[in-house]
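To be precise, the following lines are upload10.cif, and they hold mmCIF, C-alpha atoms (C1' of nucleotides).
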```cif
data_data
loop_
_atom_site.label_atom_id
_atom_site.label_comp_id
_atom_site.auth_asym_id
_atom_site.auth_seq_id
_atom_site.Cartn_x
_atom_site.Cartn_y
_atom_site.Cartn_z
CA MET A 206 -7.45 15.78 -4.97
CA HIS A 207 -4.30 13.76 -5.14
CA SER A 208 -4.10 10.24 -6.36
CA PRO A 209 -5.08 8.46 -3.16
CA GLU A 210 -2.40 5.84 -3.69
CA LEU A 211 0.25 8.28 -2.61
CA LEU A 212 -1.46 8.83 0.71
CA LYS A 213 -0.85 5.26 1.77
CA GLY A 214 1.53 5.00 4.63
CA THR A 215 1.27 8.69 5.47
CA LEU A 216 -2.04 8.78 7.30
CA GLN A 217 -0.64 7.90 10.70
CA THR A 218 2.11 10.47 10.28
CA ILE A 219 -0.42 13.15 9.36
CA VAL A 220 -2.65 12.39 12.33
CA LEU A 221 0.24 12.34 14.78
CA LYS A 222 1.73 15.56 13.48
CA VAL A 223 -1.44 17.67 13.50
CA LEU A 224 -2.13 16.44 17.03
CA LYS A 225 1.36 17.43 18.03
CA ASP A 226 0.94 20.89 16.52
CA ARG A 227 -2.57 21.57 17.77
CA GLY A 228 -2.77 19.58 21.00
CA ARG A 229 -6.16 18.05 21.77
CA MET A 230 -8.40 17.33 18.78
CA TYR A 231 -11.35 15.11 17.88
CA GLY A 232 -11.78 13.07 14.73
CA TYR A 233 -14.10 15.31 12.81
CA GLU A 234 -11.88 18.26 13.66
CA ILE A 235 -8.80 16.47 12.35
CA THR A 236 -10.53 15.84 9.02
CA ASN A 237 -11.38 19.52 8.64
CA CYS A 238 -7.97 20.64 9.82
CA VAL A 239 -6.17 18.50 7.25
CA ARG A 240 -8.52 19.63 4.50
CA GLU A 241 -7.74 23.25 5.29
CA LEU A 242 -3.99 22.76 5.66
CA SER A 243 -3.94 21.01 2.30
CA ASP A 244 -6.22 23.43 0.45
CA SER A 245 -8.75 20.62 -0.02
CA ARG A 246 -6.15 18.40 -1.66
CA LEU A 247 -6.27 15.84 1.12
CA GLN A 248 -9.66 14.55 2.17
CA LEU A 249 -9.38 12.02 4.99
CA THR A 250 -12.23 9.53 4.85
CA GLU A 251 -13.89 8.46 8.09
CA GLY A 252 -13.42 4.82 7.17
CA ALA A 253 -9.68 5.39 7.23
CA LEU A 254 -9.44 7.94 10.03
CA TYR A 255 -11.33 6.28 12.85
CA PRO A 256 -9.63 2.89 12.58
CA THR A 257 -6.29 4.71 12.47
CA LEU A 258 -7.10 6.65 15.63
CA HIS A 259 -8.15 3.45 17.38
CA LYS A 260 -5.00 1.71 16.32
CA LEU A 261 -2.73 4.52 17.46
CA GLU A 262 -4.55 4.56 20.78
CA ALA A 263 -4.22 0.78 21.17
CA GLU A 264 -0.50 1.12 20.52
CA GLY A 265 -0.18 3.69 23.26
CA PHE A 266 0.57 6.72 21.11
CA LEU A 267 -2.72 8.48 21.77
CA LYS A 268 -4.92 8.94 24.81
CA THR A 269 -8.60 9.91 24.75
CA GLU A 270 -11.05 11.98 26.68
CA THR A 271 -14.76 11.78 25.96
CA VAL A 272 -16.84 14.92 26.33
CA MET A 273 -20.59 15.39 26.01
CA ILE A 274 -21.62 18.32 23.85
CA GLY A 275 -25.32 18.56 24.64
CA LYS A 276 -26.39 15.00 23.89
CA ARG A 277 -23.63 14.31 21.39
CA VAL A 278 -20.43 12.47 22.14
CA ARG A 279 -17.11 14.03 21.24
CA LYS A 280 -13.88 12.08 21.66
CA TYR A 281 -10.74 14.12 22.07
CA TYR A 282 -7.38 12.65 21.21
CA SER A 283 -3.98 13.82 22.36
CA LEU A 284 -0.44 12.48 22.22
CA THR A 285 1.21 10.45 24.93
CA ALA A 286 4.93 10.83 25.58
CA GLU A 287 5.48 7.80 23.36
CA GLY A 288 3.27 9.42 20.74
CA ARG A 289 5.43 12.52 20.71
CA ALA A 290 8.57 10.48 20.25
CA SER A 291 6.96 8.45 17.48
CA THR A 292 5.82 11.61 15.75
CA ARG A 293 9.34 12.99 15.67
CA GLU A 294 10.59 9.72 14.22
CA ARG A 295 7.93 9.42 11.56
CA VAL A 296 8.17 12.98 10.37
CA SER A 297 11.92 12.79 10.04
CA GLU A 298 11.56 9.46 8.30
CA PHE A 299 9.14 11.02 5.88
CA VAL A 300 11.46 13.93 5.14
CA ASP A 301 14.27 11.48 4.55
CA PHE A 302 12.07 9.47 2.20
CA ILE A 303 11.25 12.61 0.24
CA ARG A 304 14.94 13.45 -0.12
CA THR A 305 15.60 9.96 -1.41
CA MET A 306 12.69 10.10 -3.83
CA SER A 307 13.69 13.48 -5.19
CA ASN A 308 17.07 11.97 -5.91
CA VAL A 309 15.66 8.92 -7.65
CA LEU A 310 13.12 10.95 -9.61
CA GLN A 311 15.64 13.73 -10.27
CA VAL A 312 13.32 16.52 -9.25
CA GLU A 313 13.95 19.73 -7.38
CA LEU A 314 11.87 20.60 -4.33
CA GLY A 315 11.68 23.67 -2.12
CA MET B 281 16.02 1.26 4.36
CA HIS B 282 12.90 3.31 4.58
CA SER B 283 9.70 2.18 6.11
CA PRO B 284 8.32 0.24 3.16
CA GLU B 285 4.85 1.69 3.72
CA LEU B 286 5.93 4.97 2.23
CA LEU B 287 6.96 3.33 -0.99
CA LYS B 288 3.41 2.26 -1.74
CA GLY B 289 1.98 4.08 -4.68
CA THR B 290 5.36 5.32 -5.85
CA LEU B 291 6.72 2.21 -7.50
CA GLN B 292 5.14 2.83 -10.91
CA THR B 293 6.35 6.42 -10.86
CA ILE B 294 9.89 5.31 -10.04
CA VAL B 295 9.95 2.71 -12.81
CA LEU B 296 8.56 5.10 -15.40
CA LYS B 297 10.94 7.89 -14.48
CA VAL B 298 14.17 5.89 -14.51
CA LEU B 299 13.13 4.44 -17.86
CA LYS B 300 12.53 7.95 -19.14
CA ASP B 301 15.92 9.10 -17.93
CA ARG B 302 17.93 6.09 -19.05
CA GLY B 303 16.04 4.82 -22.07
CA ARG B 304 16.00 1.06 -22.51
CA MET B 305 16.46 -1.02 -19.37
CA TYR B 306 15.72 -4.52 -18.10
CA GLY B 307 14.23 -5.49 -14.75
CA TYR B 308 17.35 -6.50 -12.93
CA GLU B 309 19.05 -3.35 -14.16
CA ILE B 310 16.21 -1.17 -12.84
CA THR B 311 16.57 -2.71 -9.39
CA ASN B 312 20.28 -1.95 -9.31
CA CYS B 313 19.80 1.51 -10.75
CA VAL B 314 17.27 2.48 -8.09
CA ARG B 315 19.43 1.05 -5.35
CA GLU B 316 22.34 3.17 -6.50
CA LEU B 317 20.29 6.34 -7.02
CA SER B 318 18.88 5.96 -3.52
CA ASP B 319 22.15 5.05 -1.76
CA SER B 320 20.67 1.63 -0.94
CA ARG B 321 17.68 3.22 0.77
CA LEU B 322 15.24 1.82 -1.77
CA GLN B 323 15.44 -1.88 -2.51
CA LEU B 324 12.86 -2.92 -5.11
CA THR B 325 11.79 -6.51 -4.59
CA GLU B 326 11.31 -8.75 -7.60
CA GLY B 327 7.86 -9.73 -6.41
CA ALA B 328 6.83 -6.11 -6.72
CA LEU B 329 8.88 -5.08 -9.74
CA TYR B 330 7.98 -7.73 -12.30
CA PRO B 331 4.22 -7.56 -11.83
CA THR B 332 4.50 -3.77 -12.07
CA LEU B 333 6.41 -3.98 -15.33
CA HIS B 334 3.85 -6.40 -16.74
CA LYS B 335 1.01 -4.16 -15.71
CA LEU B 336 2.56 -1.04 -17.22
CA GLU B 337 3.16 -2.96 -20.42
CA ALA B 338 -0.43 -4.26 -20.49
CA GLU B 339 -1.64 -0.68 -20.09
CA GLY B 340 0.39 0.44 -23.06
CA PHE B 341 2.95 2.54 -21.22
CA LEU B 342 5.88 0.22 -21.86
CA LYS B 343 7.04 -1.84 -24.78
CA THR B 344 9.45 -4.77 -24.60
CA GLU B 345 12.23 -6.31 -26.58
CA THR B 346 13.65 -9.70 -25.66
CA VAL B 347 17.34 -10.33 -26.19
CA MET B 348 19.35 -13.50 -25.71
CA ILE B 349 22.58 -13.04 -23.76
CA GLY B 350 24.32 -16.34 -24.36
CA LYS B 351 21.61 -18.74 -23.24
CA ARG B 352 19.95 -16.30 -20.86
CA VAL B 353 16.90 -14.22 -21.62
CA ARG B 354 16.96 -10.50 -21.04
CA LYS B 355 13.83 -8.41 -21.44
CA TYR B 356 14.32 -4.76 -22.20
CA TYR B 357 11.62 -2.25 -21.40
CA SER B 358 11.22 1.23 -22.84
CA LEU B 359 8.54 3.92 -22.77
CA THR B 360 5.86 4.33 -25.38
CA ALA B 361 4.62 7.81 -26.26
CA GLU B 362 1.77 7.26 -23.82
CA GLY B 363 4.31 6.14 -21.25
CA ARG B 364 6.23 9.37 -21.61
CA ALA B 365 3.09 11.43 -21.13
CA SER B 366 2.08 9.37 -18.12
CA THR B 367 5.53 9.78 -16.61
CA ARG B 368 5.32 13.55 -16.84
CA GLU B 369 1.91 13.47 -15.17
CA ARG B 370 2.90 11.14 -12.36
CA VAL B 371 6.11 12.93 -11.51
CA SER B 372 4.40 16.29 -11.36
CA GLU B 373 1.60 14.76 -9.32
CA PHE B 374 4.19 13.40 -6.93
CA VAL B 375 5.90 16.77 -6.58
CA ASP B 376 2.54 18.36 -5.93
CA PHE B 377 1.76 15.75 -3.31
CA ILE B 378 5.06 16.46 -1.57
CA ARG B 379 4.31 20.18 -1.50
CA THR B 380 0.94 19.47 0.05
CA MET B 381 2.41 17.09 2.59
CA SER B 382 5.14 19.51 3.61
CA ASN B 383 2.40 22.03 4.26
CA VAL B 384 0.31 19.64 6.34
CA LEU B 385 3.33 18.36 8.26
CA GLN B 386 4.85 21.84 8.53
CA VAL B 387 8.28 20.78 7.39
CA GLU B 388 10.80 22.55 5.21
CA LEU B 389 12.28 20.79 2.23
CA GLY B 390 15.00 21.74 -0.21
"C1'" DG C 152 35.87 -29.16 -9.94
"C1'" DT C 153 32.37 -27.81 -6.86
"C1'" DC C 154 30.35 -24.19 -4.09
"C1'" DT C 155 28.75 -19.75 -3.54
"C1'" DT C 156 27.36 -15.56 -5.50
"C1'" DA C 157 25.54 -12.87 -9.22
"C1'" DT C 158 22.53 -12.60 -13.09
"C1'" DG C 159 17.84 -12.83 -14.77
"C1'" DC C 160 13.20 -14.13 -15.35
"C1'" DA C 161 8.62 -15.38 -13.19
"C1'" DT C 162 4.26 -16.47 -10.23
"C1'" DA C 163 1.27 -17.62 -6.04
"C1'" DA C 164 -0.29 -16.93 -1.34
"C1'" DT C 165 -0.68 -13.71 1.98
"C1'" DT C 166 -0.90 -9.18 4.32
"C1'" DC C 167 -2.71 -4.80 5.36
"C1'" DA C 168 -3.90 0.00 4.60
"C1'" DC C 169 -7.10 1.95 2.47
"C1'" DT C 170 -11.90 2.67 -0.16
"C1'" DT C 171 -16.60 1.95 -0.41
"C1'" DA C 172 -20.66 1.43 1.69
"C1'" DG C 173 -23.25 1.13 5.17
"C1'" DG C 174 -25.28 2.35 10.18
"C1'" DT C 175 -26.70 5.58 14.24
"C1'" DA C 176 -27.86 9.96 16.20
"C1'" DT C 177 -28.06 15.17 17.43
"C1'" DA C 178 -28.01 20.10 15.94
"C1'" DA C 179 -28.52 23.86 12.80
"C1'" DG C 180 -30.20 26.31 8.63
"C1'" DC C 181 -33.94 27.52 5.67
"C1'" DG D 175 -40.21 19.33 7.43
"C1'" DC D 176 -36.18 18.81 4.69
"C1'" DT D 177 -31.41 19.22 3.92
"C1'" DT D 178 -26.96 19.90 5.58
"C1'" DA D 179 -23.53 19.79 9.18
"C1'" DT D 180 -21.79 17.58 13.17
"C1'" DA D 181 -20.04 13.30 15.23
"C1'" DC D 182 -19.20 8.71 16.12
"C1'" DC D 183 -18.57 3.78 14.29
"C1'" DT D 184 -17.83 -0.96 11.62
"C1'" DA D 185 -17.67 -4.44 7.81
"C1'" DA D 186 -16.82 -6.08 3.15
"C1'" DG D 187 -13.99 -5.51 -0.63
"C1'" DT D 188 -9.85 -3.81 -3.25
"C1'" DG D 189 -5.23 -3.73 -4.70
"C1'" DA D 190 -0.43 -2.85 -4.21
"C1'" DA D 191 2.77 -4.44 -1.83
"C1'" DT D 192 5.57 -8.54 0.94
"C1'" DT D 193 6.98 -13.11 1.46
"C1'" DA D 194 8.08 -17.32 -0.34
"C1'" DT D 195 8.88 -19.95 -3.94
"C1'" DG D 196 10.66 -21.81 -8.51
"C1'" DC D 197 13.74 -22.16 -12.60
"C1'" DA D 198 18.04 -21.49 -15.10
"C1'" DT D 199 22.79 -19.65 -16.72
"C1'" DA D 200 27.31 -17.40 -15.74
"C1'" DA D 201 31.14 -16.00 -12.97
"C1'" DG D 202 34.39 -16.16 -9.22
"C1'" DA D 203 36.56 -18.30 -5.14
"C1'" DC D 204 39.56 -21.74 -3.48
#
```

What does this structure look like when you write it as structure tokens?
Amino acid sequence: MHSPELLKGTLQTIVLKVLKDRGRMYGYEITNCVRELSDSRLQLTEGALYPTLHKLEAEGFLKTETVMIGKRVRKYYSLTAEGRASTRERVSEFVDFIRTMSNVLQVELG
Amino acid sequence: MHSPELLKGTLQTIVLKVLKDRGRMYGYEITNCVRELSDSRLQLTEGALYPTLHKLEAEGFLKTETVMIGKRVRKYYSLTAEGRASTRERVSEFVDFIRTMSNVLQVELG
DNA sequence: GTCTTATGCATAATTCACTTAGGTATAAGC
DNA sequence: GCTTATACCTAAGTGAATTATGCATAAGAC
């Protein structure tokens, strides 16, 4: 696991990007997806994930669709057009930030 | 300027690393140094910098030396042995975090 | 010669994303 | 039946930042 401090400010970007790459997903699925993509280095907590999803929805970046699986509720999230635009922005902003940081810290990436 | 959210959790690492690279520095100098290294993309605020320096000193990572320049006080900071070890750790942790993130976000760096 | 900018330190109140800690409920494995 | 996995949610607390101050000396513009 990484120092969780570093994750701050990147959670929204992560959520938006995996939704962009995979299309429709539900919360629990996003958690597992990120854990796999990160080789268990990133473990999204529910207390962080669900409020983030609700916020992104309230801001118009995500839309939802609720499905019943037997008697259990499952809430699928997907990007709106605005969400796709925002994802592009945030990812490129993140890449730019990394370039800047690697300059300040004098480290090589790639 | 970058979205300031991304900076969270990286300030200590930045301070430690520039001190490692440049040796003795004072607060105001660190601010300017980081601004130059980042092409004005990172602007450390005093309200964040000074408390951070004090904290790192209290934790034994930095030591200080106060010098009078005319009638003005200047407080130089430099790394302790522990500070150097911690810097190595944090920088490599940051690089590792970036690798993980580039995997999750499916972006190419370098 | 005074007015603005640069130098240089510092702290206090507030914000906000996250952690921690709880709560509810169904389904599957053993 | 008991534990684990699935699946949603919220509330209190933390802590690193922002924002807003405050103080003081030195330099440059004009």

Could you spell out the hits of the PyMOL selection byres ((chain D) within 10 of (chain A)) on the shown file, as a list in words?
-> DT180, DA181, DC182, DC183, DT184 and DA190 of chain D

Exercise for review: Take atom CA of Lys300 of chain B and atom CA of Asp319 of chain B and report the distance between them in Å, one decimal.
Suggested key: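 Answer for the atom CA of Lys300 of chain B to atom CA of Asp319 of chain B separation: 20.1 Å.
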
### Query
Near chain A, which residues of chain C fall within 10 Å when you count only C-alpha atoms (C1' of nucleotides), and what do they look like as a PyMOL selection string?
chain C and resi 168-172+176-178

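Straight-line separation from atom CA of Glu373 of chain B to atom CA of Val298 of chain B: 16.2 Å.
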
Next item on the list: Pull out every residue of chain B that has at least one atom within 12 Å of chain A, counting only C-alpha atoms, and report them as a VMD selection string.
Entry: chain B and resid 281 to 302 310 to 323 367 to 390

**OP:** With the file shown as input, list the residues that the PyMOL selection byres ((chain C and resi 164) around 9) selects, as a PyMOL selection string.
**Re:** (chain C and resi 163+165) or (chain D and resi 193-194)

Note to self: Would you compute the distance between atom CA of Arg229 of chain A and atom C1' of DC167 of chain C? Give it in Å to one decimal.
What the structure shows: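 Between atom CA of Arg229 of chain A and atom C1' of DC167 of chain C the gap works out to 28.3 Å.
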
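Distance check against DG175 of chain D using all atoms listed in the file: of C:DT158, C:DC181, C:DG152, C:DT166, the minimum falls on C:DC181.
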
Open item on the list: When you look at DT153 of chain C with a cut-off of 12 Å (counting only C-alpha atoms (C1' of nucleotides)), what residues show up, excluding the ones that are within fewer than 2 positions of it in the same chain? I need them as a PyMOL selection string.
Closed with: (chain C and resi 155) or (chain D and resi 203-204)

message: Please list as a VMD selection string every residue within 8 Å of segment 267-272 of chain A, counting only C-alpha atoms (C1' of nucleotides) and excluding residues in the same chain fewer than 2 positions away.
response: chain A and resid 258 261 to 265 274 278 to 285 288
